[in-house]
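Novice: model38.tsv (TSV, C-alpha atoms) pasted underneath:
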chain	number	residue	atom	x	y	z
O	1	MET	CA	0.00	0.00	0.00
O	2	GLN	CA	1.44	3.35	-1.04
O	3	ARG	CA	1.56	6.40	1.21
O	4	LYS	CA	-1.16	8.44	-0.52
O	5	GLU	CA	-3.51	5.46	-0.68
O	6	ALA	CA	-2.99	4.78	3.03
O	7	LEU	CA	-3.69	8.41	3.90
O	8	LYS	CA	-6.81	8.46	1.73
O	9	ASN	CA	-8.17	5.33	3.41
O	10	TYR	CA	-7.48	6.75	6.88
O	11	TYR	CA	-8.57	10.37	6.59
O	12	GLU	CA	-11.75	9.64	4.67
O	13	THR	CA	-12.93	7.38	7.52
O	14	HIS	CA	-11.60	9.28	10.59
O	15	ASP	CA	-12.89	12.66	11.79
O	16	GLU	CA	-9.56	14.41	12.41
O	17	ASP	CA	-11.32	17.76	12.71
O	18	SER	CA	-13.20	16.60	15.82
O	19	ARG	CA	-10.17	14.96	17.43
O	20	LEU	CA	-8.67	18.29	18.49
O	21	ARG	CA	-12.04	19.70	19.54
O	22	SER	CA	-12.88	17.16	22.28
O	23	ARG	CA	-11.91	18.34	25.77
O	24	HIS	CA	-8.98	15.91	25.98
O	25	GLY	CA	-8.02	16.80	22.38
O	26	THR	CA	-7.89	20.50	23.24
O	27	VAL	CA	-4.88	19.82	25.49
O	28	GLU	CA	-2.78	19.09	22.39
O	29	PHE	CA	-4.33	22.02	20.53
O	30	LEU	CA	-3.94	24.56	23.36
O	31	THR	CA	-0.36	23.47	24.06
O	32	THR	CA	0.63	23.77	20.41
O	33	VAL	CA	-1.03	27.19	20.11
O	34	LYS	CA	0.61	28.38	23.35
O	35	TYR	CA	4.08	27.65	21.97
O	36	ILE	CA	3.37	29.07	18.53
O	37	GLU	CA	2.15	32.28	20.11
O	38	LYS	CA	5.47	32.64	21.94
O	39	TYR	CA	7.03	33.47	18.56
O	40	LEU	CA	4.18	35.23	16.76
O	41	LYS	CA	4.20	38.99	16.23
O	42	PRO	CA	1.68	41.14	14.35
O	43	GLY	CA	2.18	41.04	10.60
O	44	MET	CA	3.99	37.71	10.54
O	45	LYS	CA	3.19	35.23	7.76
O	46	ILE	CA	2.45	31.59	8.55
O	47	ILE	CA	2.58	28.47	6.39
O	48	GLU	CA	1.00	25.25	7.58
O	49	ILE	CA	2.33	22.22	5.73
O	50	GLY	CA	0.04	19.22	5.97
O	51	ALA	CA	-2.79	21.35	7.31
O	52	GLY	CA	-5.41	18.61	7.38
O	53	THR	CA	-8.85	20.15	7.76
O	54	GLY	CA	-7.30	23.43	8.88
O	55	VAL	CA	-7.88	23.60	12.64
O	56	TYR	CA	-4.66	25.56	13.21
O	57	SER	CA	-4.74	27.50	9.95
O	58	HIS	CA	-8.25	28.77	10.63
O	59	TYR	CA	-7.43	29.62	14.23
O	60	PHE	CA	-4.53	31.88	13.28
O	61	ALA	CA	-6.33	33.34	10.26
O	62	GLN	CA	-9.22	34.26	12.55
O	63	HIS	CA	-6.72	36.01	14.82
O	64	GLY	CA	-5.55	38.29	12.03
O	65	TYR	CA	-2.60	36.44	10.50
O	66	ASP	CA	-2.03	35.68	6.82
O	67	VAL	CA	-1.87	31.90	6.46
O	68	ASP	CA	-0.96	29.73	3.49
O	69	ALA	CA	-1.90	26.09	3.92
O	70	VAL	CA	-0.69	23.04	2.02
O	71	GLU	CA	-2.56	19.74	2.18
O	72	ILE	CA	-2.17	16.53	0.20
O	73	MET	CA	-5.65	14.98	0.64
O	74	GLU	CA	-8.57	16.28	-1.44
O	75	HIS	CA	-11.07	15.26	1.25
O	76	ASN	CA	-9.29	17.37	3.85
O	77	ILE	CA	-9.10	20.33	1.47
O	78	GLU	CA	-12.88	20.15	0.93
O	79	VAL	CA	-13.47	20.29	4.70
O	80	PHE	CA	-10.87	23.06	5.02
O	81	LYS	CA	-12.70	25.20	2.46
O	82	LYS	CA	-16.09	24.59	4.09
O	83	ASN	CA	-14.67	25.75	7.44
O	84	THR	CA	-13.20	28.96	6.02
O	85	GLN	CA	-14.88	32.12	7.34
O	86	PRO	CA	-15.26	35.33	5.29
O	87	ASN	CA	-12.88	37.33	7.52
O	88	GLU	CA	-9.97	34.90	7.12
O	89	THR	CA	-6.90	35.70	5.05
O	90	VAL	CA	-6.06	32.07	4.28
O	91	THR	CA	-5.26	30.03	1.18
O	92	VAL	CA	-5.12	26.27	0.77
O	93	THR	CA	-3.13	24.52	-1.96
O	94	GLN	CA	-2.91	20.83	-2.74
O	95	GLY	CA	0.69	19.75	-2.34
O	96	ASP	CA	3.10	17.33	-0.76
O	97	ALA	CA	5.33	18.20	2.20
O	98	ILE	CA	8.34	16.57	0.59
O	99	ASP	CA	8.24	18.91	-2.44
O	100	LEU	CA	6.84	22.41	-1.91
O	101	LYS	CA	7.31	23.53	-5.48
O	102	GLY	CA	5.80	26.93	-6.05
O	103	PHE	CA	6.61	28.17	-2.54
O	104	PRO	CA	9.61	30.54	-2.45
O	105	ASP	CA	12.62	30.40	-0.17
O	106	GLY	CA	12.45	32.32	3.09
O	107	ALA	CA	8.89	33.57	2.70
O	108	TYR	CA	7.42	32.71	6.12
O	109	ASP	CA	8.08	33.76	9.70
O	110	ILE	CA	6.38	30.69	11.20
O	111	THR	CA	6.26	27.25	9.60
O	112	LEU	CA	3.96	24.55	10.94
O	113	LEU	CA	4.77	20.93	10.09
O	114	LEU	CA	2.20	19.40	12.42
O	115	GLY	CA	1.10	16.36	10.45
O	116	PRO	CA	3.45	15.22	7.66
O	117	MET	CA	6.09	13.57	9.86
O	118	TYR	CA	3.34	11.21	11.08
O	119	HIS	CA	3.10	9.67	7.61
O	120	LEU	CA	6.58	9.59	6.07
O	121	TYR	CA	8.17	6.17	6.02
O	122	THR	CA	11.64	6.59	4.51
O	123	GLU	CA	14.60	8.56	5.81
O	124	GLU	CA	14.76	10.35	2.45
O	125	ASP	CA	11.16	11.57	2.68
O	126	LYS	CA	11.52	12.65	6.31
O	127	LEU	CA	14.61	14.68	5.51
O	128	SER	CA	12.95	16.14	2.41
O	129	ALA	CA	9.97	17.36	4.44
O	130	LEU	CA	12.18	18.96	7.07
O	131	ARG	CA	14.43	20.48	4.39
O	132	GLU	CA	11.45	22.00	2.57
O	133	ALA	CA	9.96	23.37	5.80
O	134	ILE	CA	13.28	25.01	6.65
O	135	ARG	CA	13.74	26.30	3.09
O	136	VAL	CA	10.48	28.27	3.04
O	137	THR	CA	11.15	29.76	6.49
O	138	LYS	CA	12.87	33.11	6.92
O	139	LYS	CA	16.29	33.13	8.55
O	140	GLY	CA	15.60	33.47	12.26
O	141	GLY	CA	12.05	32.14	11.82
O	142	ALA	CA	10.60	29.27	13.83
O	143	VAL	CA	9.59	25.81	12.63
O	144	PHE	CA	7.20	23.56	14.59
O	145	ALA	CA	7.47	19.86	13.71
O	146	ALA	CA	5.20	17.26	15.34
O	147	TYR	CA	5.87	13.55	15.81
O	148	CYS	CA	4.05	10.47	17.16
O	149	ASN	CA	5.72	8.71	20.08
O	150	ASN	CA	6.66	5.05	19.69
O	151	ASP	CA	6.55	4.14	23.36
O	152	MET	CA	3.22	5.66	24.33
O	153	THR	CA	1.78	3.74	21.39
O	154	ALA	CA	3.39	0.58	22.78
O	155	TYR	CA	1.90	1.25	26.22
O	156	GLY	CA	-1.53	2.14	24.95
O	157	PHE	CA	-1.95	-0.34	22.11
O	158	LEU	CA	0.17	-3.35	23.03
O	159	PHE	CA	-0.70	-3.44	26.70
O	160	GLY	CA	-3.58	-1.03	27.38
O	161	LYS	CA	-5.66	-2.50	24.55
O	162	GLU	CA	-3.93	-5.90	24.79
O	163	GLY	CA	-2.80	-5.84	21.19
O	164	ILE	CA	0.16	-7.92	22.34
O	165	LYS	CA	-2.18	-10.93	22.49
O	166	ASP	CA	-2.77	-10.80	18.74
O	167	ASP	CA	-0.08	-13.10	17.33
O	168	SER	CA	-0.68	-11.77	13.82
O	169	LEU	CA	0.72	-8.40	14.93
O	170	HIS	CA	3.98	-9.76	16.33
O	171	ASP	CA	5.85	-9.20	13.09
O	172	LEU	CA	5.27	-5.45	13.66
O	173	ILE	CA	7.19	-5.50	16.94
O	174	ASP	CA	10.93	-5.69	17.58
O	175	PHE	CA	10.87	-7.63	20.86
O	176	GLN	CA	14.43	-6.52	21.69
O	177	THR	CA	13.88	-2.75	21.44
O	178	PHE	CA	10.05	-2.59	21.33
O	179	LYS	CA	10.29	-0.32	18.33
O	180	LEU	CA	7.05	-0.69	16.41
O	181	SER	CA	6.84	-1.01	12.64
O	182	SER	CA	6.11	2.15	10.65
O	183	THR	CA	4.89	1.51	7.10
O	184	PRO	CA	1.89	2.72	5.06
O	185	LYS	CA	0.03	-0.35	6.35
O	186	GLU	CA	0.24	1.02	9.92
O	187	VAL	CA	-0.44	4.58	8.61
O	188	PHE	CA	1.45	6.29	11.44
O	189	THR	CA	5.23	6.59	11.69
O	190	LEU	CA	6.52	6.36	15.26
O	191	TYR	CA	9.57	8.07	16.76
O	192	ARG	CA	11.71	8.31	19.84
O	193	LYS	CA	13.54	11.49	20.72
O	194	GLU	CA	16.78	9.91	19.52
O	195	ASP	CA	15.18	9.50	16.08
O	196	VAL	CA	14.18	13.17	16.00
O	197	ASP	CA	17.64	14.23	17.16
O	198	GLY	CA	19.19	12.13	14.40
O	199	LEU	CA	17.07	13.80	11.73
O	200	MET	CA	17.76	17.29	13.03
O	201	SER	CA	21.53	16.72	13.11
O	202	ASN	CA	21.41	17.21	9.32
O	203	PHE	CA	20.33	20.85	9.52
O	204	SER	CA	21.69	24.20	10.69
O	205	VAL	CA	19.04	25.00	13.27
O	206	THR	CA	18.82	25.73	16.99
O	207	ARG	CA	16.29	23.86	19.11
O	208	LEU	CA	14.09	26.19	21.12
O	209	HIS	CA	11.76	23.70	22.82
O	210	TYR	CA	10.98	19.98	22.84
O	211	VAL	CA	7.46	19.55	24.16
O	212	GLY	CA	5.09	16.75	25.07
O	213	VAL	CA	1.90	18.33	23.79
O	214	ASP	CA	-0.64	15.92	25.29
O	215	MET	CA	1.46	14.00	27.83
O	216	LEU	CA	-0.63	11.26	29.49
O	217	THR	CA	-3.94	12.97	28.74
O	218	ARG	CA	-5.05	10.18	26.42
O	219	PHE	CA	-4.58	7.65	29.21
O	220	ILE	CA	-7.10	9.54	31.35
O	221	LYS	CA	-9.16	11.04	28.55
O	222	GLU	CA	-12.51	10.02	30.08
O	223	ALA	CA	-11.59	11.79	33.32
O	224	VAL	CA	-10.39	14.86	31.39
O	225	ASP	CA	-13.59	14.97	29.32
O	226	GLU	CA	-15.65	14.93	32.52
O	227	MET	CA	-13.71	17.71	34.30
O	228	ASP	CA	-15.55	20.91	35.14
O	229	ASP	CA	-14.02	24.14	33.87
O	230	LYS	CA	-12.16	24.92	37.11
O	231	THR	CA	-10.61	21.45	37.36
O	232	PHE	CA	-9.64	21.52	33.70
O	233	GLU	CA	-7.95	24.90	34.18
O	234	ILE	CA	-5.87	23.45	37.02
O	235	TYR	CA	-5.11	20.37	34.93
O	236	LEU	CA	-3.81	22.57	32.11
O	237	LYS	CA	-1.65	24.50	34.56
O	238	TYR	CA	-0.12	21.21	35.75
O	239	HIS	CA	0.30	20.00	32.17
O	240	PHE	CA	2.14	23.19	31.14
O	241	SER	CA	4.43	22.82	34.16
O	242	ILE	CA	5.67	19.37	33.09
O	243	CYS	CA	5.45	19.29	29.28
O	244	GLU	CA	9.08	20.41	28.76
O	245	ARG	CA	10.66	18.70	31.76
O	246	PRO	CA	13.29	16.27	30.46
O	247	ASP	CA	12.17	13.60	32.93
O	248	MET	CA	8.54	13.91	31.79
O	249	ALA	CA	8.36	15.12	28.20
O	250	GLY	CA	8.69	11.62	26.74
O	251	ALA	CA	5.45	10.52	28.42
O	252	THR	CA	3.30	11.79	25.58
O	253	TYR	CA	1.56	10.54	22.46
O	254	HIS	CA	2.57	13.58	20.41
O	255	MET	CA	5.87	15.44	20.53
O	256	LEU	CA	6.54	18.94	19.23
O	257	ASP	CA	10.06	19.92	18.20
O	258	ILE	CA	10.45	23.69	17.90
O	259	PHE	CA	13.57	25.14	16.30
O	260	ARG	CA	14.94	28.33	14.80
O	261	LYS	CA	16.41	28.53	11.31
O	262	ASP	CA	19.96	29.82	11.74
Produce structure tokens that represent the structure in this file.

Specialist:
Amino acid sequence: MQRKEALKNYYETHDEDSRLRSRHGTVEFLTTVKYIEKYLKPGMKIIEIGAGTGVYSHYFAQHGYDVDAVEIMEHNIEVFKKNTQPNETVTVTQGDAIDLKGFPDGAYDITLLLGPMYHLYTEEDKLSALREAIRVTKKGGAVFAAYCNNDMTAYGFLFGKEGIKDDSLHDLIDFQTFKLSSTPKEVFTLYRKEDVDGLMSNFSVTRLHYVGVDMLTRFIKEAVDEMDDKTFEIYLKYHFSICERPDMAGATYHMLDIFRKD
């Protein structure tokens, strides 16, 4: 199964737009927005590569920023366009993160790469996506690249959902390292921080933050969804206090690597 076919099969049957809008899903969204806003200034231009249905693109466009979005899946682009409000300065173009032809060098202050690294299966494609994201970013601009965590997936799927009992899945698991297989068949590519560090060693950038954007929220998602507003506010305060701590940041389903183009 090829990458684009795998993505089509997944995103046409999963409501990605709603995932970030549930109470537990907003933890990932609010954390990502909080860190992006650390580097945003009025008048800055944003590109979101792999924008999906446009949750982040629309948010920043509605807050007065010019946003150019790139998305590979036609289904997602249709939803993106339906969600666009009249006051938004936002464009969406069909394109692939590994080849942003038509987008000039150094055009954007903020570059969001919040989805593509989830679905790239070769080292060449991963490096191409990062290289393109860096290319279109202004010198001194910030890039936000998101990854899925191998080990939280192992905890949640292999043991939490007892996937380990399914013998047919054992060929997807390295029982020495517990690194899980990442191919178009599994849809999602999984990383450890050492994998991210290895990729980034190829580029002239400076890391600004390495963040666990949802931490263990998905393990207690029912409790989070049932929190009243006051409890949820305290939960977010706790979450923000631990999401960059080196001893805690790996306990997350989604990781956000934030770096400056030197």

Novice: What box, with edges along x, y and z, holds each listed atom of stretch 231-243 of chain O when 3 Å is added on every side, and can you state its centre and edge lengths in Å to one decimal, as AutoDock Vina command-line options?

Specialist:
--center_x -2.5 --center_y 22.1 --center_z 33.3 --size_x 22.3 --size_y 11.6 --size_z 14.1

Novice: Could you please determine the separation between atom CA of O:Thr89 and atom CA of O:His75 in Å, to one decimal place?

Specialist: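 Atom CA of O:His75 lies 21.2 Å from atom CA of O:Thr89.
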
Novice: Pick out the residues sitting within 7 Å of O:Ile72, and hand them over as a list of chain:residue names; count only C-alpha atoms, and ignore anything fewer than 4 positions along from it in its own chain.

Specialist: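 Returned residues: O:Gly50, O:Gln94, O:Gly95, O:Asp96.
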
Novice: Take the residues just selected and output them with C-alpha atoms as an mmCIF file, in the coordinates of the input.

Specialist:
data_model
loop_
_atom_site.group_PDB
_atom_site.id
_atom_site.type_symbol
_atom_site.label_atom_id
_atom_site.label_comp_id
_atom_site.auth_asym_id
_atom_site.auth_seq_id
_atom_site.Cartn_x
_atom_site.Cartn_y
_atom_site.Cartn_z
ATOM 1 C CA GLY O 50 0.040 19.220 5.970
ATOM 2 C CA GLN O 94 -2.910 20.830 -2.740
ATOM 3 C CA GLY O 95 0.690 19.750 -2.340
ATOM 4 C CA ASP O 96 3.100 17.330 -0.760
#

Novice: O:Asp257: which residues within 9 Å, counting all atoms listed in the file, same-chain residues fewer than 2 positions away excluded, as a ChimeraX atom specification?

Specialist: /O:143-147,196,207-211,255,259

Novice: Between atom CA of O:Arg135 and atom CA of O:Asp105, what is the distance in Å, rounded to a tenth?

Specialist: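 Atom-to-atom, atom CA of O:Arg135 to atom CA of O:Asp105, that is 5.4 Å.
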
Novice: Atom CA of O:Leu40 and atom CA of O:Thr206 are how many Å apart?

Specialist: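 Separating atom CA of O:Leu40 from atom CA of O:Thr206 is a distance of 17.5 Å.
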
Novice: Excluding O:Tyr253 and residues on its chain fewer than 3 positions from it, collect all residues at most 6 Å away from it, counting only C-alpha atoms, and give them as a PyMOL selection string.

Specialist: chain O and resi 148-149+152

Novice: From the set O:Glu74, O:Asp166, O:Glu124, O:Asp228, which residue has the shortest atom-to-atom contact distance to O:Ala51, counting all atoms listed in the file?

Specialist: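 Nearest to O:Ala51: O:Glu74.
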
Novice: Nearest residue to O:Lys34 out of O:Leu199, O:Leu256, O:Ala251, O:Ile77, using all atoms listed in the file?

Specialist: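 Smallest distance to O:Lys34 is found for O:Leu256.
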
Novice: Which residue out of O:Ile98, O:Phe203, O:Val55, O:Phe219 has the minimum interatomic distance to O:Phe80 when only C-alpha atoms are used?

Specialist: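 Smallest separation from O:Phe80 among the options: O:Val55.
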
Novice: Hey, which of O:Tyr121, O:Phe159, O:Tyr238, O:Phe175 ends up closest to O:Gln2? Count all atoms listed in the file.

Specialist: O:Tyr121

Novice: I'd like the contact shell of stretch 59-61 of chain O - 12 Å cut-off, all atoms listed in the file, skipping same-chain residues fewer than 6 positions apart - returned as a ChimeraX atom specification.

Specialist: /O:29-30,32-34,36-37,40-48,51,53,67-69,80,83-92,110,112

Novice: Using all atoms listed in the file for the distances, tell me which of O:Lys138, O:His254, O:His58, O:Arg131 is nearest to O:Arg192.

Specialist: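 Using all atoms listed in the file, O:Arg192 sits closest to O:His254.
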
Novice: Out of O:Val27, O:Leu158, O:Met73, O:Leu113, which residue has the shortest atom-to-atom distance to O:Tyr235 when counting all atoms listed in the file?

Specialist: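 For O:Tyr235, the nearest of the candidates is O:Val27.
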
Novice: Can you tell me which residues surround O:Phe232 at a distance of at most 12 Å, considering all atoms listed in the file, apart from same-chain residues fewer than 2 positions away, and format the answer as a list in words?

Specialist: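 Counting all atoms listed in the file, the residues come to Arg23, His24, Thr26, Val27, Thr217, Lys221, Ala223, Val224, Asp225, Glu226, Met227, Asp228, Asp229, Lys230, Ile234, Tyr235, Leu236, Lys237, Tyr238 and His239 of chain O.
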
Novice: Would you mind exporting the chosen residues as a CSV table (one decimal), in the frame of the given file, restricted to C-alpha atoms?

Specialist:
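Saved as selection-v4.csv:
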chain,number,residue,atom,x,y,z
O,23,ARG,CA,-11.9,18.3,25.8
O,24,HIS,CA,-9.0,15.9,26.0
O,26,THR,CA,-7.9,20.5,23.2
O,27,VAL,CA,-4.9,19.8,25.5
O,217,THR,CA,-3.9,13.0,28.7
O,221,LYS,CA,-9.2,11.0,28.6
O,223,ALA,CA,-11.6,11.8,33.3
O,224,VAL,CA,-10.4,14.9,31.4
O,225,ASP,CA,-13.6,15.0,29.3
O,226,GLU,CA,-15.6,14.9,32.5
O,227,MET,CA,-13.7,17.7,34.3
O,228,ASP,CA,-15.6,20.9,35.1
O,229,ASP,CA,-14.0,24.1,33.9
O,230,LYS,CA,-12.2,24.9,37.1
O,234,ILE,CA,-5.9,23.4,37.0
O,235,TYR,CA,-5.1,20.4,34.9
O,236,LEU,CA,-3.8,22.6,32.1
O,237,LYS,CA,-1.6,24.5,34.6
O,238,TYR,CA,-0.1,21.2,35.8
O,239,HIS,CA,0.3,20.0,32.2

Novice: Just so I have it separately, write stretch 62-161 of chain O from the block I sent, keeping C-alpha atoms, as a short mmCIF file (atom, residue, chain, number, x, y, z; two decimals), in the first residue's frame.

Specialist:
data_model
loop_
_atom_site.label_atom_id
_atom_site.label_comp_id
_atom_site.auth_asym_id
_atom_site.auth_seq_id
_atom_site.Cartn_x
_atom_site.Cartn_y
_atom_site.Cartn_z
CA GLN O 62 -9.22 34.26 12.55
CA HIS O 63 -6.72 36.01 14.82
CA GLY O 64 -5.55 38.29 12.03
CA TYR O 65 -2.60 36.44 10.50
CA ASP O 66 -2.03 35.68 6.82
CA VAL O 67 -1.87 31.90 6.46
CA ASP O 68 -0.96 29.73 3.49
CA ALA O 69 -1.90 26.09 3.92
CA VAL O 70 -0.69 23.04 2.02
CA GLU O 71 -2.56 19.74 2.18
CA ILE O 72 -2.17 16.53 0.20
CA MET O 73 -5.65 14.98 0.64
CA GLU O 74 -8.57 16.28 -1.44
CA HIS O 75 -11.07 15.26 1.25
CA ASN O 76 -9.29 17.37 3.85
CA ILE O 77 -9.10 20.33 1.47
CA GLU O 78 -12.88 20.15 0.93
CA VAL O 79 -13.47 20.29 4.70
CA PHE O 80 -10.87 23.06 5.02
CA LYS O 81 -12.70 25.20 2.46
CA LYS O 82 -16.09 24.59 4.09
CA ASN O 83 -14.67 25.75 7.44
CA THR O 84 -13.20 28.96 6.02
CA GLN O 85 -14.88 32.12 7.34
CA PRO O 86 -15.26 35.33 5.29
CA ASN O 87 -12.88 37.33 7.52
CA GLU O 88 -9.97 34.90 7.12
CA THR O 89 -6.90 35.70 5.05
CA VAL O 90 -6.06 32.07 4.28
CA THR O 91 -5.26 30.03 1.18
CA VAL O 92 -5.12 26.27 0.77
CA THR O 93 -3.13 24.52 -1.96
CA GLN O 94 -2.91 20.83 -2.74
CA GLY O 95 0.69 19.75 -2.34
CA ASP O 96 3.10 17.33 -0.76
CA ALA O 97 5.33 18.20 2.20
CA ILE O 98 8.34 16.57 0.59
CA ASP O 99 8.24 18.91 -2.44
CA LEU O 100 6.84 22.41 -1.91
CA LYS O 101 7.31 23.53 -5.48
CA GLY O 102 5.80 26.93 -6.05
CA PHE O 103 6.61 28.17 -2.54
CA PRO O 104 9.61 30.54 -2.45
CA ASP O 105 12.62 30.40 -0.17
CA GLY O 106 12.45 32.32 3.09
CA ALA O 107 8.89 33.57 2.70
CA TYR O 108 7.42 32.71 6.12
CA ASP O 109 8.08 33.76 9.70
CA ILE O 110 6.38 30.69 11.20
CA THR O 111 6.26 27.25 9.60
CA LEU O 112 3.96 24.55 10.94
CA LEU O 113 4.77 20.93 10.09
CA LEU O 114 2.20 19.40 12.42
CA GLY O 115 1.10 16.36 10.45
CA PRO O 116 3.45 15.22 7.66
CA MET O 117 6.09 13.57 9.86
CA TYR O 118 3.34 11.21 11.08
CA HIS O 119 3.10 9.67 7.61
CA LEU O 120 6.58 9.59 6.07
CA TYR O 121 8.17 6.17 6.02
CA THR O 122 11.64 6.59 4.51
CA GLU O 123 14.60 8.56 5.81
CA GLU O 124 14.76 10.35 2.45
CA ASP O 125 11.16 11.57 2.68
CA LYS O 126 11.52 12.65 6.31
CA LEU O 127 14.61 14.68 5.51
CA SER O 128 12.95 16.14 2.41
CA ALA O 129 9.97 17.36 4.44
CA LEU O 130 12.18 18.96 7.07
CA ARG O 131 14.43 20.48 4.39
CA GLU O 132 11.45 22.00 2.57
CA ALA O 133 9.96 23.37 5.80
CA ILE O 134 13.28 25.01 6.65
CA ARG O 135 13.74 26.30 3.09
CA VAL O 136 10.48 28.27 3.04
CA THR O 137 11.15 29.76 6.49
CA LYS O 138 12.87 33.11 6.92
CA LYS O 139 16.29 33.13 8.55
CA GLY O 140 15.60 33.47 12.26
CA GLY O 141 12.05 32.14 11.82
CA ALA O 142 10.60 29.27 13.83
CA VAL O 143 9.59 25.81 12.63
CA PHE O 144 7.20 23.56 14.59
CA ALA O 145 7.47 19.86 13.71
CA ALA O 146 5.20 17.26 15.34
CA TYR O 147 5.87 13.55 15.81
CA CYS O 148 4.05 10.47 17.16
CA ASN O 149 5.72 8.71 20.08
CA ASN O 150 6.66 5.05 19.69
CA ASP O 151 6.55 4.14 23.36
CA MET O 152 3.22 5.66 24.33
CA THR O 153 1.78 3.74 21.39
CA ALA O 154 3.39 0.58 22.78
CA TYR O 155 1.90 1.25 26.22
CA GLY O 156 -1.53 2.14 24.95
CA PHE O 157 -1.95 -0.34 22.11
CA LEU O 158 0.17 -3.35 23.03
CA PHE O 159 -0.70 -3.44 26.70
CA GLY O 160 -3.58 -1.03 27.38
CA LYS O 161 -5.66 -2.50 24.55
#
